[in-house]
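Contents: one structure, followed by commentary.
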Amino acid sequence: MPAAAVFGLMTNEILKSRLTEKFGAQLTDWDEPYGMLTFTAPADMNLKVMQYLYDDETMRFRFLTDLTAVHYPDRKGEELCVVYHLHNLIDNIRLRMKVYVPVEKPDVYTASALFSAANWMERESYDFFGVNFVGHPNLVRILNVDEMDYFPMRKEYQMEDPTRKDKDDEMFGR
Amino acid sequence: MELQTQPQQHIKLSEESLQKQTTTLNLGPTHPATHGVFQNIMEIDGERVLETVPTIGYIHRAFEKIAERRPYYQITTLTDRLNYCSAPINNMGWHMTIEKLLNLKLPKRVEYLRVVLMELSRIADHLVCNSVIAVDTGALTPFTYVFQWREKIYEMFEEVCGSRLTTNIGRVGGFERNFSAVFFTKLHDFIAQFPAILREFESLLNRNRIFMDRCIGAGPISAERALNYGFTGPNLRASGIDYDVRVAQPYSSYEDFDFKIPIGTTGDVYDRFMVRNGEMWESVSIIQQAIDKIEKLEKADPSQKEIFYAKEADKYHIPPKADVYSKMEALIWHFKMIMGEIDAPAGEVYHAVEGGNGEVGYYLISDGGRTPYRLHFRRPCFIYYQAYPEIVRNGLLSDAVVTLSSLNVIAGELDA
């Protein structure tokens, strides 16, 4: 099925040049791992970039495929990374936007007003990483119990009980 | 009575409401109508649903955390337990993610065999979902009838990998062993007999007056809202958007196949049902095409019959048992792989496959170690289930139950 021929002619290069034209040097870390355009936006710019990508008649990124977070304890001052995967269904092209925030003040503007899909995905990222989505209508835990007082996907929480002495698996795993 | 002096719930009742008082109803966590462990607290006015608050997470198993400590091949068993109605699609989606990370190119025969298994899983998944819609509308017969055929699909999985529900099917680069002759006999029988069964299933329901009255107009969602809510799979297509990962971003040689994407218009229960039925027909056709292609390959070159994994994936493919017992090198590799001492290259991959209920995505960040640095599963029903309160609002309670089963929400995938 000649799928690629049916869709538009948007390419990563065009995307990158349009975004650079609009936002200049504020978007950094351009990369294309395995064909997906990836860049980093400043934490307070995430909504502006997404709104532009959504509204602009040539961009049309109106589908939020995925939203998740990653914890990099070694990156001082930008420990938490929120990753957005956006999809332009008309031209059939995806892109990945990253936003880094410090773990002490992990404030990111919510995308839930733009994409209803972001609502639970942001709750999930809050639940597991403690990302504070500013303006979220109902930022409470979603999969873990409400009483939980830590964010379990952060790297400092080990999989196995660190107090156990009878089990030495330092050879296996991280 | 003390209860009556309690203040009213803060929901404004419509003028025509007879009761002037709403009831709080607990649907779930273990209600037969939820088909899985999740809860909906509903505020109902008579039979009208005013508000729904879903509570999920009852079977959360921390798969993403566990995955950060497991070598790549051990994560396949976690993917089984996401959408357990179509586990092979999840397994192969995961393998394809690693293959993408490794830049592996698979032989055509392996890709076609994968397509056969994935389409069989899709049929199994849709059979469960569609026949359960019938059960929730009061018709048990189609359910028991088609489950025999799901059983036959599971027998084929058993023939390939030895297990049925949580399959752990395949390996990075292909399959653990070649497919047996029994599998192909069963597959041919299935393809020969299943269309008649599907036709009969359709004749029981498609134009059934009771079924239509229950389903048409129940739980509709517009294309615009469905997109905004991140719907994928049959639920999105039922509202009229022809997005299918198999066509938009073909994987595993789907570009070699000729098939249609059935779509609906209103996105109600009936459209979702019809889209799934249509997809089962397309799956049958895809499987037939795949069988023809495999036979053509084997006719052109008989040595193709022995190809069941990519030779370049040797580092990730456990050597044959006979070699492990007789050759030192094979034993060493076997040990290394089982202990998970094979490092993967550093990289960042997003790979999506069309699962039974939508786009199953794997977002993998590898830092070059033996386990993922971070692995995120894009679980389609986690994303679209949040639309449920909006879909059932102002509908009848009985419609809400049918809507729930037609959305194909699988608790394992919801909670990961």
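Ligands are numbered from 1 in the order shown, residues from 1 within each chain, and chains are lettered A, B, ... in the order they appear in the structure tokens.
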From the DSSP assignment of the backbone, select every residue of region 19-167 of chain A that is helix (DSSP H, G or I), and format the answer as a PDB file with C-alpha atoms, in the first residue's frame.
```
ATOM      1  CA  LEU A  19      10.195  26.153  14.212  1.00  0.00           C
ATOM      2  CA  THR A  20      13.564  27.909  14.202  1.00  0.00           C
ATOM      3  CA  GLU A  21      12.041  30.768  12.242  1.00  0.00           C
ATOM      4  CA  LYS A  22       9.295  31.141  14.831  1.00  0.00           C
ATOM      5  CA  PHE A  23      11.174  30.539  18.068  1.00  0.00           C
ATOM      6  CA  GLY A  24      14.777  31.189  17.121  1.00  0.00           C
ATOM      7  CA  ALA A  25      17.479  29.875  19.394  1.00  0.00           C
ATOM      8  CA  GLN A  26      15.079  29.090  22.229  1.00  0.00           C
ATOM      9  CA  PRO A  33      17.094   9.658  16.512  1.00  0.00           C
ATOM     10  CA  TYR A  34      15.651   6.921  14.327  1.00  0.00           C
ATOM     11  CA  GLY A  35      13.958   9.425  12.063  1.00  0.00           C
ATOM     12  CA  ALA A  43      10.101  24.825  30.486  1.00  0.00           C
ATOM     13  CA  ASP A  44       7.918  27.914  30.315  1.00  0.00           C
ATOM     14  CA  MET A  45       7.621  27.687  26.519  1.00  0.00           C
ATOM     15  CA  ASN A  46       6.060  24.249  26.212  1.00  0.00           C
ATOM     16  CA  LEU A  47       2.517  25.513  25.752  1.00  0.00           C
ATOM     17  CA  LYS A  48       3.529  28.261  23.332  1.00  0.00           C
ATOM     18  CA  VAL A  49       5.309  25.782  21.101  1.00  0.00           C
ATOM     19  CA  MET A  50       2.493  23.245  21.267  1.00  0.00           C
ATOM     20  CA  GLN A  51      -0.142  25.901  20.622  1.00  0.00           C
ATOM     21  CA  TYR A  52       1.790  27.068  17.574  1.00  0.00           C
ATOM     22  CA  LEU A  53       2.198  23.499  16.351  1.00  0.00           C
ATOM     23  CA  TYR A  54      -1.537  22.945  16.884  1.00  0.00           C
ATOM     24  CA  ASP A  55      -2.910  26.156  15.404  1.00  0.00           C
ATOM     25  CA  ALA A 118      -3.104  15.007  28.363  1.00  0.00           C
ATOM     26  CA  ASN A 119      -5.279  14.976  31.463  1.00  0.00           C
ATOM     27  CA  TRP A 120      -4.594  11.418  32.626  1.00  0.00           C
ATOM     28  CA  MET A 121      -1.139  11.227  31.106  1.00  0.00           C
ATOM     29  CA  GLU A 122      -0.129  14.252  33.176  1.00  0.00           C
ATOM     30  CA  ARG A 123      -1.684  12.704  36.234  1.00  0.00           C
ATOM     31  CA  GLU A 124       0.392   9.614  35.545  1.00  0.00           C
ATOM     32  CA  SER A 125       3.586  11.655  35.206  1.00  0.00           C
ATOM     33  CA  TYR A 126       2.734  13.431  38.450  1.00  0.00           C
ATOM     34  CA  ASP A 127       1.980  10.145  40.151  1.00  0.00           C
ATOM     35  CA  PHE A 128       5.273   8.509  39.224  1.00  0.00           C
ATOM     36  CA  PHE A 129       7.711  11.408  38.877  1.00  0.00           C
TER      37      PHE A 129
END
```
Write out as a tab-separated table a residue-level contact list of chain B versus chain A with cut-off 7 Å: for each qualifying residue the closest pair of atoms and the distance in Å to one decimal, counting only C-alpha atoms, rows sorted by chain and residue number upward.
```
residue	atom	partner	partner_atom	distance
B:Ile56	CA	A:Leu143	CA	6.2
B:Gly57	CA	A:Leu143	CA	4.1
B:His60	CA	A:Leu143	CA	6.4
B:Lys65	CA	A:Met153	CA	6.2
B:Ile66	CA	A:Met159	CA	6.8
B:Arg69	CA	A:Gly173	CA	5.3
B:Arg70	CA	A:Gly173	CA	6.8
B:Leu227	CA	A:Phe63	CA	6.3
B:Asn228	CA	A:Phe115	CA	5.3
B:Tyr229	CA	A:Ala117	CA	4.2
B:Gly230	CA	A:Ala117	CA	5.2
B:Val247	CA	A:Ala3	CA	5.9
B:Ala248	CA	A:Ala3	CA	6.1
B:Glu255	CA	A:Met1	CA	4.9
B:Asp256	CA	A:Met1	CA	6.3
B:Phe257	CA	A:Met1	CA	6.4
B:Asp258	CA	A:Met1	CA	6.1
B:Glu348	CA	A:Pro33	CA	6.2
B:Val349	CA	A:Tyr34	CA	6.5
B:Arg374	CA	A:Val70	CA	6.9
B:Arg378	CA	A:Asp66	CA	6.4
B:Ile383	CA	A:Ala117	CA	6.1
B:Gln386	CA	A:Trp120	CA	6.8
B:Asp415	CA	A:Leu143	CA	6.6
```
Pick out the closest residue to Met59 (chain A) from this set: A:Val82, A:Met148, A:Val140, A:Leu9. Count only C-alpha atoms.
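The shortest atom-to-atom distance to Met59 (chain A) comes from A:Leu9.
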I'd like the neighbourhood of Leu396 (chain B) as a PyMOL selection string, where a residue qualifies if any of its atoms comes within 7 Å (using only C-alpha atoms), though same-chain residues fewer than 4 positions away should be ignored.
chain B and resi 47-49+400
Based on the selection just made, write N, CA and C atoms of those residues as a PDB file, in the first residue's frame.
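Result file follows (result-v9.pdb):
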```
ATOM      1  N   GLU B  47     -32.564   6.862  35.778  1.00  0.00           N
ATOM      2  CA  GLU B  47     -31.679   6.015  34.991  1.00  0.00           C
ATOM      3  C   GLU B  47     -30.679   6.822  34.182  1.00  0.00           C
ATOM      4  N   ARG B  48     -30.691   8.127  34.406  1.00  0.00           N
ATOM      5  CA  ARG B  48     -29.833   8.993  33.605  1.00  0.00           C
ATOM      6  C   ARG B  48     -28.511   9.224  34.333  1.00  0.00           C
ATOM      7  N   VAL B  49     -27.429   9.061  33.612  1.00  0.00           N
ATOM      8  CA  VAL B  49     -26.111   9.255  34.219  1.00  0.00           C
ATOM      9  C   VAL B  49     -25.766  10.728  34.187  1.00  0.00           C
ATOM     10  N   ALA B 400     -24.494   3.106  29.299  1.00  0.00           N
ATOM     11  CA  ALA B 400     -23.140   3.262  29.834  1.00  0.00           C
ATOM     12  C   ALA B 400     -22.439   1.909  29.916  1.00  0.00           C
TER      13      ALA B 400
END
```
From the options B:Arg207, B:His334, B:Arg225, B:Arg276, which residue's atoms come nearest to Ile123 (chain B), counting only C-alpha atoms?
B:Arg276
Taking only chain A into account, list the residues labelled strand (DSSP E) by DSSP (computed from the backbone), as a count of residues only.
42
I want to know what sits within 7 Å of region 127-130 of chain B, based on only C-alpha atoms, with residues of the same chain fewer than 5 positions away left out; could you give that as a short mmCIF file (atom, residue, chain, number, x, y, z; two decimals) with C-alpha atoms, in the first residue's frame?
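File written: result21.cif
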```cif
data_model
loop_
_atom_site.label_atom_id
_atom_site.label_comp_id
_atom_site.auth_asym_id
_atom_site.auth_seq_id
_atom_site.Cartn_x
_atom_site.Cartn_y
_atom_site.Cartn_z
CA VAL B 146 -17.29 -17.53 18.66
CA PHE B 273 -18.97 -3.00 16.62
CA SER B 405 -17.72 -3.01 26.72
CA SER B 406 -17.63 -1.48 23.24
CA ASN B 408 -12.64 -2.52 24.73
#
```
What's the separation between CA of Asp136 (chain B) and CA of Asp213 (chain B), in Å to one decimal place?
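Going from CA of Asp136 (chain B) over to CA of Asp213 (chain B), I get 13.1 Å.
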Show me, as a tab-separated table (two decimals) with N, CA and C atoms, in the first residue's frame, the residues that have an atom within 12 Å of Arg150 (chain B) when counting only C-alpha atoms, minus same-chain residues fewer than 6 positions from it.
```
chain	number	residue	atom	x	y	z
B	85	CYS	N	-5.64	-9.80	25.74
B	85	CYS	CA	-6.50	-10.41	24.72
B	85	CYS	C	-5.75	-10.55	23.40
B	86	SER	N	-4.71	-9.78	23.20
B	86	SER	CA	-3.93	-9.90	21.96
B	86	SER	C	-2.46	-9.76	22.30
B	120	LEU	N	-4.03	-12.88	13.54
B	120	LEU	CA	-4.81	-13.85	14.33
B	120	LEU	C	-5.15	-13.26	15.69
B	121	SER	N	-4.18	-12.56	16.30
B	121	SER	CA	-4.46	-11.95	17.61
B	121	SER	C	-5.53	-10.90	17.48
B	122	ARG	N	-5.46	-10.14	16.37
B	122	ARG	CA	-6.46	-9.10	16.21
B	122	ARG	C	-7.85	-9.72	16.13
B	123	ILE	N	-7.96	-10.84	15.39
B	123	ILE	CA	-9.26	-11.51	15.30
B	123	ILE	C	-9.70	-11.96	16.69
B	124	ALA	N	-8.77	-12.56	17.45
B	124	ALA	CA	-9.13	-13.03	18.79
B	124	ALA	C	-9.60	-11.88	19.66
B	125	ASP	N	-8.88	-10.75	19.59
B	125	ASP	CA	-9.22	-9.58	20.39
B	125	ASP	C	-10.61	-9.06	20.02
B	126	HIS	N	-10.84	-8.90	18.72
B	126	HIS	CA	-12.12	-8.35	18.28
B	126	HIS	C	-13.27	-9.32	18.56
B	127	LEU	N	-12.99	-10.62	18.48
B	127	LEU	CA	-14.05	-11.60	18.78
B	127	LEU	C	-14.51	-11.43	20.22
B	128	VAL	N	-13.54	-11.29	21.12
B	128	VAL	CA	-13.90	-11.12	22.54
B	128	VAL	C	-14.73	-9.86	22.70
B	129	CYS	N	-14.22	-8.76	22.17
B	129	CYS	CA	-14.87	-7.48	22.40
B	129	CYS	C	-16.28	-7.47	21.80
B	131	SER	N	-18.26	-9.95	20.89
B	131	SER	CA	-19.24	-10.87	21.46
B	131	SER	C	-19.62	-10.43	22.87
B	143	PHE	N	-21.53	-15.18	21.92
B	143	PHE	CA	-20.32	-15.21	22.73
B	143	PHE	C	-19.79	-16.63	22.85
B	144	THR	N	-20.64	-17.55	23.28
B	144	THR	CA	-20.19	-18.93	23.44
B	144	THR	C	-19.82	-19.54	22.09
B	156	MET	N	-3.32	-22.41	17.93
B	156	MET	CA	-2.23	-22.11	16.99
B	156	MET	C	-1.07	-21.43	17.72
B	157	PHE	N	-1.40	-20.50	18.63
B	157	PHE	CA	-0.33	-19.87	19.42
B	157	PHE	C	0.44	-20.93	20.20
B	164	ARG	N	-0.72	-19.94	25.69
B	164	ARG	CA	-1.94	-19.53	25.02
B	164	ARG	C	-2.31	-18.08	25.25
B	165	LEU	N	-2.42	-17.68	26.50
B	165	LEU	CA	-2.93	-16.33	26.77
B	165	LEU	C	-1.79	-15.33	26.83
B	190	PHE	N	-8.39	-23.02	9.69
B	190	PHE	CA	-9.03	-21.84	10.26
B	190	PHE	C	-9.49	-20.88	9.16
B	194	PHE	N	-13.32	-20.16	9.08
B	194	PHE	CA	-13.72	-19.01	9.89
B	194	PHE	C	-14.66	-18.03	9.18
B	197	ILE	N	-18.19	-18.76	9.85
B	197	ILE	CA	-18.56	-18.49	11.24
B	197	ILE	C	-18.79	-17.00	11.46
B	198	LEU	N	-17.87	-16.20	10.88
B	198	LEU	CA	-17.98	-14.75	11.04
B	198	LEU	C	-19.27	-14.26	10.38
```
Separation of CA of Met118 (chain B) from CA of Ile89 (chain B), in Å and rounded to one decimal:
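Separation between CA of Met118 (chain B) and CA of Ile89 (chain B): 5.2 Å.
Of the residues under consideration (B:Gly278, B:Gly233, B:Gly395, B:Gly173), B:Gly278 shows the shortest atom-to-atom contact distance to Asn206 (chain B) when counting only C-alpha atoms.
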Counting only C-alpha atoms, what is within 12 Å of Tyr73 (chain B), bar same-chain residues fewer than 3 positions away, as a VMD selection string?
chain B and resid 67 69 to 70 76 to 79 91 to 92 94 to 95 97 to 99 168 to 173 176 315 to 318 337 to 344 370 to 372
Produce a file of the selected residues containing C-alpha atoms, as an mmCIF file, in the first residue's frame.
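So the final result, stored in out.cif, reads:
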```
data_model
loop_
_atom_site.group_PDB
_atom_site.id
_atom_site.type_symbol
_atom_site.label_atom_id
_atom_site.label_comp_id
_atom_site.auth_asym_id
_atom_site.auth_seq_id
_atom_site.Cartn_x
_atom_site.Cartn_y
_atom_site.Cartn_z
ATOM 1 C CA ALA B 67 11.444 -2.959 33.102
ATOM 2 C CA ARG B 69 15.894 -3.683 35.953
ATOM 3 C CA ARG B 70 15.231 -6.420 33.470
ATOM 4 C CA THR B 76 8.534 -9.450 26.656
ATOM 5 C CA THR B 77 6.668 -11.215 29.438
ATOM 6 C CA LEU B 78 5.605 -7.845 30.839
ATOM 7 C CA THR B 79 4.137 -6.801 27.506
ATOM 8 C CA ASN B 91 5.276 -9.047 22.172
ATOM 9 C CA MET B 92 6.175 -8.352 18.577
ATOM 10 C CA TRP B 94 8.399 -4.837 21.743
ATOM 11 C CA HIS B 95 10.709 -6.987 19.639
ATOM 12 C CA THR B 97 11.292 -1.714 19.086
ATOM 13 C CA ILE B 98 14.557 -3.450 19.974
ATOM 14 C CA GLU B 99 15.154 -4.316 16.328
ATOM 15 C CA ASN B 168 5.859 -14.525 25.187
ATOM 16 C CA ILE B 169 5.933 -15.326 21.478
ATOM 17 C CA GLY B 170 8.990 -14.785 19.319
ATOM 18 C CA ARG B 171 12.430 -13.403 20.059
ATOM 19 C CA VAL B 172 14.446 -10.380 19.007
ATOM 20 C CA GLY B 173 15.096 -11.029 15.323
ATOM 21 C CA GLU B 176 12.677 -19.177 18.821
ATOM 22 C CA LYS B 315 23.787 -11.949 19.607
ATOM 23 C CA TYR B 316 20.201 -11.742 20.754
ATOM 24 C CA HIS B 317 18.925 -15.104 19.639
ATOM 25 C CA ILE B 318 19.399 -18.072 21.941
ATOM 26 C CA MET B 337 21.916 -14.147 27.056
ATOM 27 C CA ILE B 338 20.031 -15.847 29.848
ATOM 28 C CA MET B 339 21.953 -13.869 32.454
ATOM 29 C CA GLY B 340 21.108 -10.744 30.485
ATOM 30 C CA GLU B 341 24.687 -9.670 29.877
ATOM 31 C CA ILE B 342 24.085 -8.459 26.330
ATOM 32 C CA ASP B 343 24.332 -4.692 26.092
ATOM 33 C CA ALA B 344 22.153 -2.762 23.704
ATOM 34 C CA ARG B 370 21.793 -4.271 29.662
ATOM 35 C CA THR B 371 18.398 -2.885 30.671
ATOM 36 C CA PRO B 372 16.401 0.105 29.423
#
```
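The environment of Asp45 (chain B) within 7 Å, counting only C-alpha atoms and disregarding residues fewer than 6 places along the same chain, consists of Gln21, Thr22 and Thr23 of chain B.
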How would the residues just picked look written out with N, CA and C atoms as a CSV table (one decimal), in the first residue's frame?
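Output file again.csv follows:
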```csv
chain,number,residue,atom,x,y,z
B,21,GLN,N,-33.7,14.1,43.3
B,21,GLN,CA,-32.7,13.6,44.1
B,21,GLN,C,-31.8,12.6,43.3
B,22,THR,N,-30.5,12.8,43.4
B,22,THR,CA,-29.7,11.9,42.7
B,22,THR,C,-29.2,10.7,43.6
B,23,THR,N,-28.8,9.6,42.9
B,23,THR,CA,-28.3,8.5,43.6
B,23,THR,C,-26.9,8.3,43.2
```
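Using only C-alpha atoms for every distance, the candidate list B:Lys293, B:Lys260, B:Arg393, B:His351 yields B:Lys260 as the residue closest to Glu279 (chain B).
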Quick check, in Å to one decimal: how far apart do CA of Thr40 (chain A) and CA of Glu359 (chain B) lie?
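Computing the Euclidean distance for CA of Thr40 (chain A) and CA of Glu359 (chain B) yields 24.8 Å.
With distances restricted to only C-alpha atoms, A:Leu95 is the closest residue to Leu15 (chain A) from A:Val134, A:Leu80, A:Leu95, A:Val108.
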